Amino acid sequence: MSELVDLTATEMSALLRDRRVSAVELVEAHLRRIGEVNGRVNAIVTLTAERALEEARRADDDLARGRWRGPLHGLPVAHKDLADTAGVRTTYGSRLFADHVPDRDDPLVRRIREAGGIALGKTNTPEFGTGSHTVNEVFGATLNPYDTSRSAGGSSGGAAAALATRMVALADGSDMGGSLRNPASFCNVAGLRPTPGRVPSRSETAAWFTLSVPGPMARTVADLALFMSAIAGFDPSSPYSVREDGSVFAGPLDLDLSGVRIAYSPDLGGLPVDLETARVTAGAAGVLAGLGAKVEQVDLDLSGADEAFRTYRSWYYALAFGDLPEAGPNVAWNVERGREVTGADLARAERLRTALFHRMSAFFEEHDFLVAPVSQVPPFPVEQPYVTEVAGVAMPDYLAWMRSCYWISVLHAPAMSVPCGFTSGGLPVGVQIVGRPWADLDVLRLGHAFERATGHWRTAPA
């Protein structure tokens, strides 16, 4: 039974189709694994074991009758505690919602269920997903499976740690300023920030806000593609939903890298980067060149990204959380910044982001992909609220160390974290692959090629 949890989601799905394993067996194996390791890392904060077993029995009955629900049929998954789950406690990582039980599912949760996924529970997140360190007053901190004295990243840290420790086959996440990519990098798993609208989301307050997107997390890129085939696709509840069907992600991921033009940026245009992180991510350029790609180190111009992101983010926090005066310090700090934003500030942010979009459109006429560090640092001590210094450079606030992720968020482009290697101390480091807007499948294909060439994802926590 323990060997089942070491399989990839794609392998599990094939065994289910061939009736060589049952959904009940898969769920039981993962529940056993949760019982063995979750107490060590605190990744899954609400467990729905009985409900999952009941769903697994139904999945097996359907399969016996020849009914295949969808690409996630019978696969154990977990939902981030930001995503509403009908009838299941959803706290958003906030003591203000410690006992909250929604009466309807988030669109992402609904799609996963309709595709046959079986939810085992909810994964930990900082309050309202604020920050790239998963700790809150309701459940405490999620610990890094590779070194439990270190952070698992955030805000999808619970999801990343649950995947790394083989407690679930797939986990959903979300990403505004790196909340999906950063924990994937810290925990040696894969995570895709899709092009906004590719995986639709519903908002009652900011339906046109494109910085925050839901996305898939998994141990391999093939599993990400499997997940995307179920969760991507048009939804009229989102005003900028992409109309292309999710089935586009069900095809082959093979990519001939001969002549593929890859821009490698070691620092995204001048950001400080930890020496160990820089060493590991620099190796990615050599791997891709060895696969036949034309790799060129570039001086990247992302000027304007910082101001645009911070302005939009602050405005959003004031809009979404301004009526919660008792929220935690990170949320309160963002709300206060949002209340300072003027119409002139928003106008300037829009001009900066527009100029950046056109500048990067020209960039992607010359290059097929951008490859860069995901995070500027490896996993940091878990008791530290945030990174205060990078490569000897002091960070002015709790956001600044995440710039290697959140600058990319402004581009309206798909970006993925793929395991790239380990520091000399054994801490995971991911590499970030960025593609043209709407070229999500191409990003997955390049990540798949890199993953097959390196195999770093196979190194599980001790």
# chains A, B, ... in the order shown; residues from 1 in each chain; ligands from 1
>>> residues_around(residues="region 426-430 of chain A", least_positions_apart="3", cutoff="7 Å", atoms="only C-alpha atoms", output="VMD selection string")
chain A and resid 146 185 to 188 277 280 373 to 374 378 to 379 417 to 423
>>> residues_around(residues="Thr148 (chain A)", least_positions_apart="5", cutoff="8 Å", atoms="only C-alpha atoms", output="tab-separated table (two decimals) with N, CA, C and O atoms, in the first residue's frame")
chain	number	residue	atom	x	y	z
A	40	ARG	N	4.30	15.70	11.29
A	40	ARG	CA	5.66	16.22	11.22
A	40	ARG	C	5.74	17.54	10.47
A	40	ARG	O	6.59	18.39	10.76
A	41	VAL	N	4.84	17.75	9.47
A	41	VAL	CA	4.95	18.95	8.63
A	41	VAL	C	3.75	19.89	8.71
A	41	VAL	O	3.83	21.04	8.28
A	143	LEU	N	5.78	23.08	7.90
A	143	LEU	CA	7.23	22.91	7.90
A	143	LEU	C	7.71	22.28	6.60
A	143	LEU	O	7.00	21.50	5.96
A	382	VAL	N	11.95	28.61	9.75
A	382	VAL	CA	10.49	28.68	9.85
A	382	VAL	C	10.03	29.70	10.88
A	382	VAL	O	8.93	30.26	10.77
>>> residues_around(residues="Phe249 (chain A)", least_positions_apart="4", cutoff="12 Å", atoms="only C-alpha atoms", output="PyMOL selection string")
chain A and resi 71+198+221-233+244-245+253+439-445
>>> write_last_selection(atoms="C-alpha atoms", output="CSV table (one decimal), in the first residue's frame")
chain,number,residue,atom,x,y,z
A,71,PRO,CA,-9.2,12.7,-16.1
A,198,ARG,CA,-6.9,29.8,-18.4
A,221,VAL,CA,5.0,18.2,-15.1
A,222,ALA,CA,3.0,15.4,-16.8
A,223,ASP,CA,0.8,15.4,-13.7
A,224,LEU,CA,0.3,19.2,-14.0
A,225,ALA,CA,-0.8,18.7,-17.6
A,226,LEU,CA,-3.3,16.0,-16.5
A,227,PHE,CA,-4.6,18.3,-13.8
A,228,MET,CA,-4.9,21.2,-16.3
A,229,SER,CA,-6.9,19.0,-18.7
A,230,ALA,CA,-9.6,18.9,-15.9
A,231,ILE,CA,-9.5,22.4,-14.5
A,232,ALA,CA,-8.8,24.6,-17.6
A,233,GLY,CA,-11.5,25.9,-19.9
A,244,GLU,CA,-9.9,27.1,-25.3
A,245,ASP,CA,-10.9,23.7,-23.8
A,253,LEU,CA,4.3,16.8,-24.0
A,439,ALA,CA,1.4,29.6,-24.3
A,440,ASP,CA,0.7,27.5,-21.2
A,441,LEU,CA,1.1,24.2,-23.0
A,442,ASP,CA,4.5,25.2,-24.4
A,443,VAL,CA,5.7,26.0,-20.9
A,444,LEU,CA,4.6,22.6,-19.7
A,445,ARG,CA,6.5,21.0,-22.7
>>> closest_residue(among="A:Ala462, A:Leu370, A:Val410, A:Val390", to="Thr165 (chain A)", atoms="only C-alpha atoms")
A:Ala462
>>> closest_residue(among="A:Thr8, A:Ser132, A:Ser424, A:Ser151", to="Cys405 (chain A)", atoms="only C-alpha atoms")
A:Ser132
